[in-house]
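File shown: query_0.txt. Contents: compact mmCIF, C-alpha atoms.
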# COMPACT_ATOMS: atom_id res chain seq x y z
CA MET B 1 113.95 69.42 105.57
CA SER B 2 117.24 71.04 104.65
CA SER B 3 118.41 72.84 101.49
CA ARG B 4 115.24 74.78 100.94
CA ILE B 5 114.16 78.06 99.43
CA VAL B 6 111.43 80.25 100.94
CA VAL B 7 110.10 83.23 99.01
CA ALA B 8 107.09 85.33 100.02
CA LEU B 9 105.25 88.25 98.53
CA ARG B 10 102.10 90.23 99.33
CA ILE B 11 99.66 90.47 96.44
CA ALA B 12 96.77 92.93 96.25
CA ALA B 13 93.96 90.40 95.77
CA PRO B 14 92.04 87.90 97.93
CA PRO B 15 93.50 84.39 98.50
CA GLU B 16 90.98 82.65 96.23
CA VAL B 17 91.76 85.03 93.35
CA VAL B 18 95.51 84.55 93.81
CA PHE B 19 95.11 80.78 94.07
CA ASP B 20 92.99 80.64 90.91
CA ALA B 21 95.51 82.82 89.06
CA PHE B 22 98.31 80.53 90.23
CA VAL B 23 96.73 77.34 88.92
CA ASP B 24 94.47 78.51 86.05
CA ASP B 25 96.68 81.22 84.56
CA ILE B 26 100.12 79.73 85.09
CA ALA B 27 100.74 79.82 81.33
CA LEU B 28 100.24 83.59 81.44
CA TRP B 29 102.44 84.54 84.39
CA TRP B 30 105.18 81.91 84.16
CA ARG B 31 108.60 83.25 83.22
CA PRO B 32 110.87 80.45 81.95
CA ASN B 33 114.49 80.52 83.09
CA ALA B 34 117.02 78.89 80.76
CA LEU B 35 119.22 77.99 83.74
CA PHE B 36 116.51 75.82 85.27
CA SER B 37 114.80 74.29 82.20
CA PHE B 38 112.66 71.25 82.90
CA THR B 39 113.76 69.57 79.64
CA PRO B 40 116.27 70.24 76.86
CA ARG B 41 113.29 71.09 74.63
CA SER B 42 111.83 73.67 77.03
CA PRO B 43 110.32 76.17 77.32
CA GLY B 44 106.83 75.02 76.65
CA VAL B 45 103.49 76.05 78.12
CA MET B 46 102.87 75.37 81.81
CA ALA B 47 99.54 73.95 83.00
CA PHE B 48 97.91 72.28 85.97
CA GLU B 49 95.89 69.38 84.53
CA ASP B 50 94.74 65.96 85.70
CA GLY B 51 96.23 66.48 89.14
CA ARG B 52 99.66 67.30 87.78
CA LEU B 53 101.83 70.28 86.88
CA VAL B 54 102.98 69.77 83.30
CA GLU B 55 104.92 71.57 80.63
CA ARG B 56 103.46 71.21 77.13
CA LEU B 57 106.50 71.23 74.87
CA PRO B 58 106.66 72.73 71.37
CA SER B 59 107.13 69.17 70.04
CA GLY B 60 103.66 68.26 71.30
CA LYS B 61 105.02 66.07 74.09
CA VAL B 62 103.89 66.68 77.66
CA PHE B 63 106.48 66.65 80.45
CA GLU B 64 105.19 65.94 83.95
CA VAL B 65 106.88 68.29 86.40
CA GLY B 66 105.10 66.76 89.38
CA VAL B 67 101.95 65.38 90.90
CA VAL B 68 99.73 67.64 92.98
CA SER B 69 99.43 66.22 96.50
CA VAL B 70 97.50 69.05 98.18
CA TRP B 71 94.90 71.29 96.49
CA GLU B 72 93.14 73.52 99.02
CA ARG B 73 91.71 76.43 97.08
CA GLY B 74 92.71 79.77 98.58
CA ALA B 75 94.93 78.15 101.22
CA ARG B 76 97.55 75.63 100.14
CA LEU B 77 98.97 73.90 97.10
CA VAL B 78 101.69 71.22 97.12
CA PHE B 79 103.20 69.61 94.05
CA GLY B 80 106.30 67.69 93.00
CA TRP B 81 109.04 69.29 90.95
CA ARG B 82 111.41 67.28 88.78
CA GLN B 83 113.63 68.08 85.87
CA ALA B 84 113.96 65.55 83.03
CA THR B 85 117.54 64.83 84.08
CA PHE B 86 116.57 63.79 87.62
CA THR B 87 117.04 60.10 88.46
CA PRO B 88 114.10 58.34 90.18
CA ASP B 89 115.54 59.01 93.63
CA MET B 90 115.76 62.76 93.07
CA ASN B 91 112.63 64.63 94.08
CA THR B 92 111.92 68.14 95.13
CA GLU B 93 108.62 69.51 96.35
CA VAL B 94 106.95 72.92 96.21
CA GLU B 95 104.46 74.10 98.83
CA VAL B 96 102.56 77.32 98.20
CA ARG B 97 100.63 78.92 101.05
CA PHE B 98 98.03 81.67 100.59
CA GLU B 99 97.26 83.75 103.70
CA ALA B 100 94.78 86.63 103.88
CA MET B 101 96.44 89.78 105.24
CA GLY B 102 93.73 92.44 105.32
CA GLN B 103 92.88 93.25 101.70
CA GLU B 104 95.98 91.40 100.48
CA THR B 105 97.27 87.86 100.24
CA ARG B 106 100.65 86.76 101.46
CA VAL B 107 101.88 84.07 99.10
CA THR B 108 104.72 81.93 100.41
CA VAL B 109 106.57 79.46 98.21
CA GLU B 110 108.69 76.83 99.93
CA HIS B 111 110.78 74.74 97.55
CA ARG B 112 112.42 71.89 99.46
CA GLY B 113 114.20 68.62 98.94
CA TRP B 114 117.23 69.89 97.04
CA ASP B 115 119.46 67.61 99.12
CA SER B 116 118.13 64.74 96.98
CA VAL B 117 119.89 66.29 93.97
CA PRO B 118 123.63 65.71 94.49
CA ALA B 119 126.16 68.49 94.03
CA PRO B 120 127.69 67.19 90.76
CA HIS B 121 124.28 66.91 89.05
CA VAL B 122 123.90 68.93 85.85
CA ALA B 123 120.84 70.73 87.26
CA ARG B 124 123.08 72.52 89.74
CA HIS B 125 125.38 74.02 87.11
CA ARG B 126 128.52 73.36 89.20
CA SER B 127 127.37 75.99 91.71
CA PRO B 128 127.95 75.63 95.45
CA ASN B 129 124.69 74.59 97.14
CA THR B 130 123.74 77.95 98.61
CA VAL B 131 124.65 79.84 95.43
CA PHE B 132 122.47 77.49 93.41
CA LEU B 133 119.61 77.85 95.89
CA ALA B 134 119.96 81.64 95.87
CA ARG B 135 119.79 81.76 92.07
CA HIS B 136 116.79 79.47 92.07
CA GLY B 137 115.23 81.61 94.79
CA GLU B 138 115.70 84.74 92.70
CA TRP B 139 113.83 82.98 89.93
CA TRP B 140 110.98 82.22 92.34
CA ARG B 141 110.91 85.91 93.27
CA ASN B 142 110.64 86.73 89.60
CA LEU B 143 107.87 84.17 89.19
CA LEU B 144 105.91 85.56 92.13
CA ALA B 145 106.23 89.05 90.64
CA GLY B 146 104.62 87.65 87.49
CA LEU B 147 101.88 86.01 89.54
CA ALA B 148 101.28 89.28 91.41
CA ALA B 149 100.85 91.20 88.16
CA ARG B 150 98.40 88.61 86.83
CA ALA B 151 96.36 88.22 90.05
CA SER B 152 96.14 91.99 90.63
CA SER B 153 94.94 92.53 87.09
CA VAL B 154 92.30 89.77 87.41
CA HIS B 155 91.17 91.28 90.71
CA LEU B 156 90.88 94.79 89.25
CA GLY B 157 89.01 93.40 86.23
CA ALA B 158 86.56 91.60 88.52
CA GLY B 159 86.08 94.83 90.47
CA GLU B 160 85.19 96.74 87.33
CA GLU B 161 82.64 94.08 86.36
CA GLY B 162 81.09 94.45 89.78
CA LEU B 163 80.57 98.17 89.21
CA SER B 164 78.74 97.79 85.89
CA MET F 1 115.01 90.12 89.93
CA SER F 2 116.99 93.33 89.79
CA ASN F 3 117.16 95.76 92.68
CA PRO F 4 116.67 99.50 92.16
CA ALA F 5 119.24 101.87 93.66
CA GLY F 6 118.78 102.06 97.42
CA LEU F 7 120.08 100.94 100.80
CA ILE F 8 119.55 97.75 102.76
CA SER F 9 121.08 96.83 106.09
CA ALA F 10 122.40 93.34 106.85
CA VAL F 11 122.10 92.58 110.56
CA THR F 12 124.27 89.92 112.19
CA TYR F 13 123.03 87.40 114.75
CA ARG F 14 124.53 84.38 116.48
CA ASP F 15 121.22 82.60 115.83
CA PRO F 16 119.66 84.13 112.70
CA LYS F 17 116.81 81.63 112.67
CA ALA F 18 115.73 82.70 116.15
CA ALA F 19 116.08 86.32 115.01
CA LEU F 20 113.69 85.76 112.09
CA ALA F 21 111.01 84.45 114.44
CA TRP F 22 111.65 87.17 117.00
CA LEU F 23 111.52 90.05 114.51
CA GLU F 24 108.21 88.77 113.18
CA ALA F 25 106.72 88.45 116.66
CA ALA F 26 108.12 91.71 118.05
CA PHE F 27 108.00 94.07 115.07
CA GLY F 28 105.70 92.34 112.59
CA PHE F 29 108.42 92.02 109.96
CA GLU F 30 107.62 89.47 107.26
CA LEU F 31 110.04 86.89 105.89
CA VAL F 32 110.33 87.40 102.13
CA PHE F 33 113.42 85.38 101.20
CA LEU F 34 115.22 82.51 102.91
CA ILE F 35 117.94 80.23 101.62
CA GLU F 36 118.68 77.35 103.94
CA GLY F 37 121.73 75.15 103.32
CA GLU F 38 122.10 71.41 103.76
CA ASP F 39 123.05 71.87 107.42
CA VAL F 40 119.78 73.83 107.94
CA SER F 41 121.75 77.02 108.52
CA VAL F 42 120.52 80.36 107.21
CA ALA F 43 122.58 81.16 104.11
CA HIS F 44 120.58 84.23 103.24
CA ALA F 45 117.43 85.81 104.64
CA GLU F 46 115.46 88.97 104.03
CA MET F 47 112.50 90.41 105.87
CA SER F 48 110.22 93.21 104.77
CA HIS F 49 108.61 96.11 106.59
CA GLY F 50 106.53 98.43 104.45
CA ALA F 51 108.58 99.23 101.37
CA SER F 52 111.87 98.40 103.12
CA ARG F 53 113.84 95.22 103.57
CA VAL F 54 116.46 94.07 106.03
CA MET F 55 118.86 91.15 105.65
CA ILE F 56 119.36 88.78 108.56
CA GLY F 57 122.55 86.74 108.70
CA GLY F 58 124.87 84.79 110.95
CA GLU F 59 128.41 85.48 112.11
CA TRP F 60 129.72 84.18 108.82
CA SER F 61 133.17 85.79 108.93
CA PRO F 62 135.53 87.02 111.66
CA ALA F 63 134.41 90.55 110.79
CA HIS F 64 130.74 89.85 111.43
CA ALA F 65 129.61 89.76 115.04
CA SER F 66 126.41 90.04 116.97
CA PRO F 67 126.27 92.43 119.95
CA ALA F 68 125.83 89.24 121.97
CA SER F 69 129.44 88.42 121.03
CA MET F 70 130.70 91.97 121.64
CA GLY F 71 129.63 92.65 125.21
CA GLY F 72 126.46 94.36 123.98
CA LYS F 73 128.26 96.90 121.77
CA THR F 74 126.74 97.88 118.45
CA THR F 75 128.21 99.87 115.60
CA GLN F 76 124.92 100.86 114.04
CA THR F 77 121.31 101.21 115.07
CA ILE F 78 118.25 100.84 112.91
CA HIS F 79 115.26 103.17 112.79
CA VAL F 80 111.86 101.70 112.00
CA TYR F 81 109.13 104.01 110.80
CA ILE F 82 105.58 102.85 111.37
CA GLU F 83 102.20 104.34 110.53
CA GLY F 84 100.42 102.97 113.58
CA ASP F 85 100.48 103.41 117.34
CA VAL F 86 104.01 103.51 118.78
CA ASP F 87 102.84 102.67 122.30
CA ALA F 88 101.00 99.56 121.10
CA HIS F 89 104.02 98.58 119.00
CA CYS F 90 106.21 98.93 122.10
CA GLN F 91 103.88 96.71 124.13
CA THR F 92 103.99 94.02 121.44
CA ALA F 93 107.78 94.20 121.29
CA ALA F 94 108.09 94.04 125.08
CA ALA F 95 105.76 91.03 125.17
CA ALA F 96 108.06 89.32 122.65
CA GLY F 97 111.01 89.94 124.94
CA ALA F 98 112.40 93.29 123.81
CA GLU F 99 114.32 95.22 126.45
CA ILE F 100 112.80 98.70 126.38
CA VAL F 101 115.76 101.08 126.68
CA GLU F 102 113.68 104.23 126.31
CA PRO F 103 109.88 104.13 126.64
CA PRO F 104 107.60 105.88 124.13
CA THR F 105 108.36 109.61 124.15
CA THR F 106 107.15 112.45 121.95
CA GLN F 107 110.16 114.23 120.45
CA PHE F 108 110.54 117.94 119.69
CA TYR F 109 110.46 117.22 115.96
CA GLY F 110 106.97 115.75 116.13
CA ALA F 111 107.62 112.02 116.26
CA ARG F 112 106.76 109.59 119.02
CA THR F 113 109.58 107.10 119.49
CA TYR F 114 110.79 104.30 121.67
CA ARG F 115 114.10 102.44 121.69
CA CYS F 116 114.72 98.80 122.51
CA ARG F 117 117.26 96.02 122.38
CA ASP F 118 116.38 92.83 120.57
CA LEU F 119 117.13 89.25 121.58
CA GLU F 120 120.87 89.64 120.89
CA GLY F 121 121.29 93.27 121.82
CA HIS F 122 120.81 95.16 118.56
CA LEU F 123 119.31 98.61 119.15
CA TRP F 124 116.15 99.53 117.28
CA THR F 125 114.31 102.86 117.38
CA VAL F 126 110.67 102.80 116.41
CA SER F 127 109.10 106.05 115.30
CA ALA F 128 105.81 107.45 114.03
CA ASP F 129 105.01 111.04 113.15
CA VAL F 130 102.34 112.44 115.47
CA GLU F 131 102.65 116.16 114.79
CA THR F 132 103.79 118.39 111.92
CA VAL F 133 106.38 120.80 113.31
CA SER F 134 107.96 123.65 111.36
CA VAL F 135 111.73 124.02 111.35
CA GLU F 136 111.39 127.29 113.25
CA GLU F 137 109.32 125.55 115.93
CA MET F 138 111.85 122.69 116.15
CA GLU F 139 114.64 125.22 116.69
CA LYS F 140 112.60 126.99 119.34
CA ARG F 141 111.82 123.77 121.19
CA SER F 142 115.30 122.28 120.99
CA GLY F 143 117.66 125.23 120.92
CA LEU F 144 119.37 123.64 117.92
CA LYS F 145 120.21 125.29 114.62
CA ILE F 146 118.57 123.11 111.97
CA THR F 147 119.55 123.14 108.32
CA VAL F 148 117.30 121.40 105.84
CA ALA F 149 118.60 120.73 102.35
CA LYS F 150 116.38 122.04 99.59
CA THR F 151 115.44 119.30 97.16

Any chance you could give the structure as structure tokens?
Amino acid sequence: MSSRIVVALRIAAPPEVVFDAFVDDIALWWRPNALFSFTPRSPGVMAFEDGRLVERLPSGKVFEVGVVSVWERGARLVFGWRQATFTPDMNTEVEVRFEAMGQETRVTVEHRGWDSVPAPHVARHRSPNTVFLARHGEWWRNLLAGLAARASSVHLGAGEEGLS
Amino acid sequence: MSNPAGLISAVTYRDPKAALAWLEAAFGFELVFLIEGEDVSVAHAEMSHGASRVMIGGEWSPAHASPASMGGKTTQTIHVYIEGDVDAHCQTAAAAGAEIVEPPTTQFYGARTYRCRDLEGHLWTVSADVETVSVEEMEKRSGLKITVAKT
């Protein structure tokens, strides 16, 4: 699939810990980006619930970002990704892979399907395709840095409990 | 994400996608960032090795050329420092198709190194420290006058 972003990062924690941090603690590590808001009323609080990724908005409304299609704890997570301005035929998809690399986990995010969002669409901010994708990719790097901080801290906390 | 002050090399290939796969197989580099355009071309790619990164790109302007387009000439070479076994690294690279230009050799300055050409002719030197050698000893072994800046 063309027009895609791939971002990867090694995190100092086992795959299950990183996976759990990704889905259970997303409200803690998520870093909203005003350029890529899901709705005009964002940011809200992100959560995986009822088989969906949602953003709970300050108004009390819940915006569905996408449905989870694959949930393999410690290995793979796939979910849809839509902004409120997308028309029904615009869909992007995020696949997150968790691979054990020694004591670490390599987390790879692949965000694909951006060809379904045409160039003039407001979500692209009048940027050429690759510039838009690069900016979005930088945001994913920032998000993974947040995830890394959260997962590492959970892992260290669990280690301390094990010592007591 | 902001970048701290530092250096990063951008290496040009005719087929950057093939280079990404080759560099992972031969050197164990890991893909950390890839932007692929609507024509499935590589718009931007970065790989990591230890704390370092390298950018992999195509011949995107008349000034950017792979050695494969320049009769094998290169204008820079890249040194890769590893913490493991240089000989084993060389075997892995050779198995992935690297042309070994200079086999693993222990240098007077205490590093074991080998040099190879990649799939499009870029020259890479792989090095690991195997011995701590004083400056005096390096001068004695090499006959060179060595000046080391005091930091």

(message) Considering all atoms listed in the file, can you say which of B:Phe22, B:Ala151, B:Leu143, B:Ala134 comes closest to chain F?
(response)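 Smallest distance to chain F is found for B:Ala134.
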
(request) Could you check which of B:Thr105, B:Ser42, B:Asn33, B:Asn142 is closest to chain F, using only C-alpha atoms? (result)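 Answer, going by the shortest atom-to-atom distance: B:Asn142.
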
(request) Go through B:Leu133, B:Leu53, B:Leu144, B:Val67 and flag the residue nearest B:Ile11, using all atoms listed in the file for the distances. (result)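 Closest residue, counting all atoms listed in the file: B:Leu144.
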
Per residue of chain B within 6 Å of chain F, record the nearest atom pair and its distance in Å to one decimal, counting all atoms listed in the file, with rows in chain order and ascending residue number, as CSV.
residue,atom,partner,partner_atom,distance
B:Ser2,CA,F:Glu38,CA,5.0
B:Ser3,CA,F:Gly37,CA,4.4
B:Arg4,CA,F:Glu36,CA,5.2
B:Ile5,CA,F:Ile35,CA,4.9
B:Val6,CA,F:Leu34,CA,4.8
B:Val7,CA,F:Phe33,CA,4.5
B:Ala8,CA,F:Val32,CA,4.4
B:Thr130,CA,F:Gly37,CA,5.8
B:Asn142,CA,F:Met1,CA,5.5

(request) Would you work out the distance separating atom CA of B:Ala12 from atom CA of B:Val68, expressed in Å to one decimal? (result)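 Taking atom CA of B:Ala12 as the start and atom CA of B:Val68 as the end point, the length is 25.7 Å.
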
(message) Just to confirm, what's the straight-line distance from atom CA of B:Arg135 to atom CA of B:Arg31 in Å (one decimal)?
(response)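 Those two atoms sit 14.3 Å apart.
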
(message) Considering all atoms listed in the file, can you say which of B:Ile26, B:Leu9, B:Val65, B:Val18 comes closest to B:Ser152?
(response)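 Closest to B:Ser152, using all atoms listed in the file: B:Val18.
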
(message) Report, in Å with one decimal, the straight-line distance from atom CA of B:Pro118 to atom CA of B:Glu138.
(response)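 Spanning atom CA of B:Pro118 to atom CA of B:Glu138 is a straight-line distance of 20.7 Å.
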
(request) Name all residues at most 12 Å from F:Ala19 (count all atoms listed in the file; drop same-chain ones fewer than 2 positions away) and give them as a ChimeraX atom specification. (result) /F:11-17,21-27,29-31,42,45-47,54-58,66,96-98,118-122

Show me the residues close to (99.7, 69.7, 97.9) - anything with an atom within 7 Å, counting only C-alpha atoms - and format the list as a PDB file with C-alpha atoms, in the frame of the given file.
ATOM      1  CA  VAL B  68      99.730  67.640  92.980  1.00  0.00           C
ATOM      2  CA  SER B  69      99.430  66.220  96.500  1.00  0.00           C
ATOM      3  CA  VAL B  70      97.500  69.050  98.180  1.00  0.00           C
ATOM      4  CA  TRP B  71      94.900  71.290  96.490  1.00  0.00           C
ATOM      5  CA  ARG B  76      97.550  75.630 100.140  1.00  0.00           C
ATOM      6  CA  LEU B  77      98.970  73.900  97.100  1.00  0.00           C
ATOM      7  CA  VAL B  78     101.690  71.220  97.120  1.00  0.00           C
ATOM      8  CA  PHE B  79     103.200  69.610  94.050  1.00  0.00           C
ATOM      9  CA  GLU B  95     104.460  74.100  98.830  1.00  0.00           C
TER      10      GLU B  95
END

(message) Taking all atoms listed in the file into account, name the residue in B:Val107, B:Val54, B:Ala100, B:Leu156 that is nearest to B:Gln83.
(response)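 Smallest separation from B:Gln83 among the options: B:Val54.
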
(message) Counting only C-alpha atoms, find residues at most 9 Å from (102.6, 78.1, 80.3) (file frame) and give them as a list of chain:residue names.
(response)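 Collected hits near the coordinates: B:Asp25, B:Ile26, B:Ala27, B:Leu28, B:Trp29, B:Trp30, B:Arg31, B:Pro32, B:Pro43, B:Gly44, B:Val45, B:Met46, B:Ala47, B:Val54, B:Glu55, B:Arg56.
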
Go ahead and write the residues just picked, C-alpha atoms, as a short mmCIF file (atom, residue, chain, number, x, y, z; two decimals), in the frame of the given file.
data_model
loop_
_atom_site.label_atom_id
_atom_site.label_comp_id
_atom_site.auth_asym_id
_atom_site.auth_seq_id
_atom_site.Cartn_x
_atom_site.Cartn_y
_atom_site.Cartn_z
CA ASP B 25 96.68 81.22 84.56
CA ILE B 26 100.12 79.73 85.09
CA ALA B 27 100.74 79.82 81.33
CA LEU B 28 100.24 83.59 81.44
CA TRP B 29 102.44 84.54 84.39
CA TRP B 30 105.18 81.91 84.16
CA ARG B 31 108.60 83.25 83.22
CA PRO B 32 110.87 80.45 81.95
CA PRO B 43 110.32 76.17 77.32
CA GLY B 44 106.83 75.02 76.65
CA VAL B 45 103.49 76.05 78.12
CA MET B 46 102.87 75.37 81.81
CA ALA B 47 99.54 73.95 83.00
CA VAL B 54 102.98 69.77 83.30
CA GLU B 55 104.92 71.57 80.63
CA ARG B 56 103.46 71.21 77.13
#

(request) Between F:Phe108, F:Ala65, F:Val101, F:Ser9, single out the one closest to F:Val135, counting only C-alpha atoms. (result)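 Answer, going by the shortest atom-to-atom distance: F:Phe108.
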